[in-house]
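These notes are about the structure you will find just below.
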Amino acid sequence: MNHLDCKAKLLERFFRYAAVESQSKAGGATIPSTPGQMELAQLIKGDLDDLGLIDIKLTEQAILTAKLPANFPQGYAGQVPPLGFLAHLDTVDVSISPVVNPRVVKNYAGGDILLNKELDIWMKASEHEELLKYIGQDLVVTDGTSVLGADNKAAIASIMVALEKLTANPSCYHGDIYVAFVPDEEIGLCGSKTMDLADFPVAFAYTIDSCEIGEIVYETFNAGSVMINITGVTAHPMSAKGVLVNPILIANDIINHLDRKDTPEHTDGKEGYFWVNRLTASQNAAEMNINIRDFDKNLYEARKIYIADLVKLISARHPKAQISCEIKDTYGNIADSLTTESRQCIDYIYMAMENLAITPKLIAMRGGTDGSALSVRGIPTPNFFTGAHNFHSNCEFLPVNAFEKSCLMVVEIAKLVYEKSRR
Ligand SMILES: [Zn+2]
């Protein structure tokens, strides 16, 4: 498969997967949260079958797994660790259209890109300086009314074309490769949290879920969510003295004990934060959600203790109110799950980039990936680039050259894991 073929195959698959609406929906009671994700999983399942993969399994939750068996030279009896690649089926719901109509801007000449003539929607070069890097290249763009969903369908296409490359070339040796496609990443990593790891028995895995070419992510937040319920005492204000306990003011007390600078809007880099992101309240009761984020595990644990202590303090101040607090861990920092031995999975990313002449760009991600959920569950899973820019925006775009490199990373890592194990 030469470069032209590879790019054509990537685009063909990307457009086919993009045509299936698969936005996830927060607050849904089921996994997958939307039927489109199952529809997409079924389409990919057929494609995996065509490629000759084995042990293909699609669960009721739209978790799709399959295996490409090892391909070794005749008589080879060495051990090669099984590796995995994982991508998510859902696209994000940012309250714009779920229907994606991508198109290719051939040979981008610089300047603004008219995304939608009818609605007069532009991607302005002045607002998107990253465009300048791609003058003379082909770009996949949206019609301005939706995200592109390169997050994460570019990854799905990359994995599928990489499998195609590996199966088409008998002299390309590799160990067992497992692939997984999971739903509902955007609404809390639900698929990777619930998948049965017996169907994904790998030593380590990769997600392909960050942006620009070269990006590597193996540090993510430790993340927790806090739910606080407050029940007060209602009374008519005419006879309220010494009786009424106002849950709204108690909620306010709690918020006042949080540092106003220790918030998402005042932090960046590796700083953590508290994010009060929901408060519903009435005369009788209040309910509040706070997200806790920190890269450092100890600081993260300290933040949990701070909240628990704060709720005790406020409870003591308002003995007639009932205040409960539940703190849950949602995902962990990938870096914390790496051991001296499993750090190898990171080395493979750097080696593959060197072989492909890609400049690595290490990023600490102020969020989580499916890899954060898998790493906590015992599978070290770093993340590398799709090649796209502006995830979660109608200005999301995918440079085709970078897209191809993302696909080649999959092939290269598969080869490297075999070659390095042989020694
Ligand atoms: Zn994603």
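Simple scheme: letters A, B, ... for chains in structure tokens order, numbers from 1 for residues in each chain, numbers from 1 for ligands in the order shown.
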
Pull the closest atom pair for each residue of chain A that gets at most 9 Å from ligand 1, along with the distance in Å to one decimal, counting only C-alpha atoms and all ligand atoms, ordering rows by chain and then ascending residue number, as CSV.
```
residue,atom,partner,partner_atom_place_in_ligand_line,distance
A:Ala87,CA,ligand 1,1 (Zn),7.8
A:His88,CA,ligand 1,1 (Zn),6.6
A:Leu89,CA,ligand 1,1 (Zn),8.9
A:Asp90,CA,ligand 1,1 (Zn),8.1
A:Thr91,CA,ligand 1,1 (Zn),7.5
A:Val92,CA,ligand 1,1 (Zn),8.0
A:Gly149,CA,ligand 1,1 (Zn),8.5
A:Ala150,CA,ligand 1,1 (Zn),8.2
A:Asp151,CA,ligand 1,1 (Zn),4.5
A:Asn152,CA,ligand 1,1 (Zn),4.9
A:Lys153,CA,ligand 1,1 (Zn),8.7
A:Ala155,CA,ligand 1,1 (Zn),8.9
A:Glu185,CA,ligand 1,1 (Zn),6.9
A:Glu186,CA,ligand 1,1 (Zn),6.7
A:Thr207,CA,ligand 1,1 (Zn),9.0
A:Ile208,CA,ligand 1,1 (Zn),8.1
A:Asp209,CA,ligand 1,1 (Zn),4.9
A:Ser210,CA,ligand 1,1 (Zn),7.0
A:Thr369,CA,ligand 1,1 (Zn),7.1
A:Asp370,CA,ligand 1,1 (Zn),8.3
A:Phe391,CA,ligand 1,1 (Zn),7.9
A:His392,CA,ligand 1,1 (Zn),8.9
```

Exercise for review: Run DSSP on the backbone of this structure and report the residues of stretch 19-176 of chain A it assigns to alpha helix (DSSP H), as number ranges by chain.
Suggested key: A: 35-50, 150-168

**Study point:** Which of A:Phe221, A:Val276, A:Ala308, A:Ala77 sits closest to A:Ser421 [using only C-alpha atoms]
**Key:**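 Comparing A:Phe221, A:Val276, A:Ala308, A:Ala77 against A:Ser421, the winner is A:Ala77.
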
Check your understanding: So what do you get for atom CA of A:Leu244 versus atom CA of A:Val311, distance-wise?
Key ->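 According to the coordinates, atom CA of A:Leu244 and atom CA of A:Val311 are separated by 19.8 Å.
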
Exercise for review: Could you jot down the atom CA of A:Ile349 to atom CA of A:Asp294 separation for me, Å, one decimal place?
Suggested key: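 It comes out at 24.9 Å.
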
Review point. Pick from A:Asp268, A:Glu39, A:Glu326, A:Asp262: nearest to A:Leu64, with only C-alpha atoms counted?
Key: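 Between A:Asp268, A:Glu39, A:Glu326, A:Asp262, the residue approaching A:Leu64 most closely is A:Glu39.
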
Practice item. Using atom CA of A:Gly232 and atom CA of A:Leu258 as the two end points, give the distance in Å to one decimal. Key: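 A separation of 21.4 Å between them.
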
Who sits within 10 Å of A:Ile255, only C-alpha atoms, same chain under 3 positions skipped, as a PDB file with C-alpha atoms, in the first residue's frame:
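Output contents, as saved in part-v8.pdb:
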```
ATOM      1  CA  LEU A 249     -27.166  29.456  52.573  1.00  0.00           C
ATOM      2  CA  ILE A 250     -25.486  26.262  53.768  1.00  0.00           C
ATOM      3  CA  ALA A 251     -24.511  25.434  50.183  1.00  0.00           C
ATOM      4  CA  ASN A 252     -23.193  28.964  49.927  1.00  0.00           C
ATOM      5  CA  LEU A 258     -13.209  27.005  48.445  1.00  0.00           C
ATOM      6  CA  ASP A 259     -10.395  29.173  47.126  1.00  0.00           C
ATOM      7  CA  ARG A 260     -11.690  31.398  44.305  1.00  0.00           C
ATOM      8  CA  VAL A 276     -18.374  23.551  41.511  1.00  0.00           C
ATOM      9  CA  MET A 288     -24.331  20.259  44.687  1.00  0.00           C
ATOM     10  CA  ILE A 290     -17.985  19.446  42.714  1.00  0.00           C
ATOM     11  CA  LEU A 310     -15.234  20.894  55.123  1.00  0.00           C
TER      12      LEU A 310
END
```

Review point. Could you pull the residues within 7 Å of A:Asn116, counting only C-alpha atoms, minus those fewer than 5 positions along the same chain, as JSON, numbers by chain?
Key: {"A": [121, 122, 143, 144]}

Preceding selection exported with C-alpha atoms as a PDB file, in the first residue's frame:
```pdb
ATOM      1  CA  ILE A 121     -19.736  30.105   8.468  1.00  0.00           C
ATOM      2  CA  TRP A 122     -15.972  30.557   8.189  1.00  0.00           C
ATOM      3  CA  ASP A 143     -19.725  22.102   7.051  1.00  0.00           C
ATOM      4  CA  GLY A 144     -19.657  24.474  10.026  1.00  0.00           C
TER       5      GLY A 144
END
```
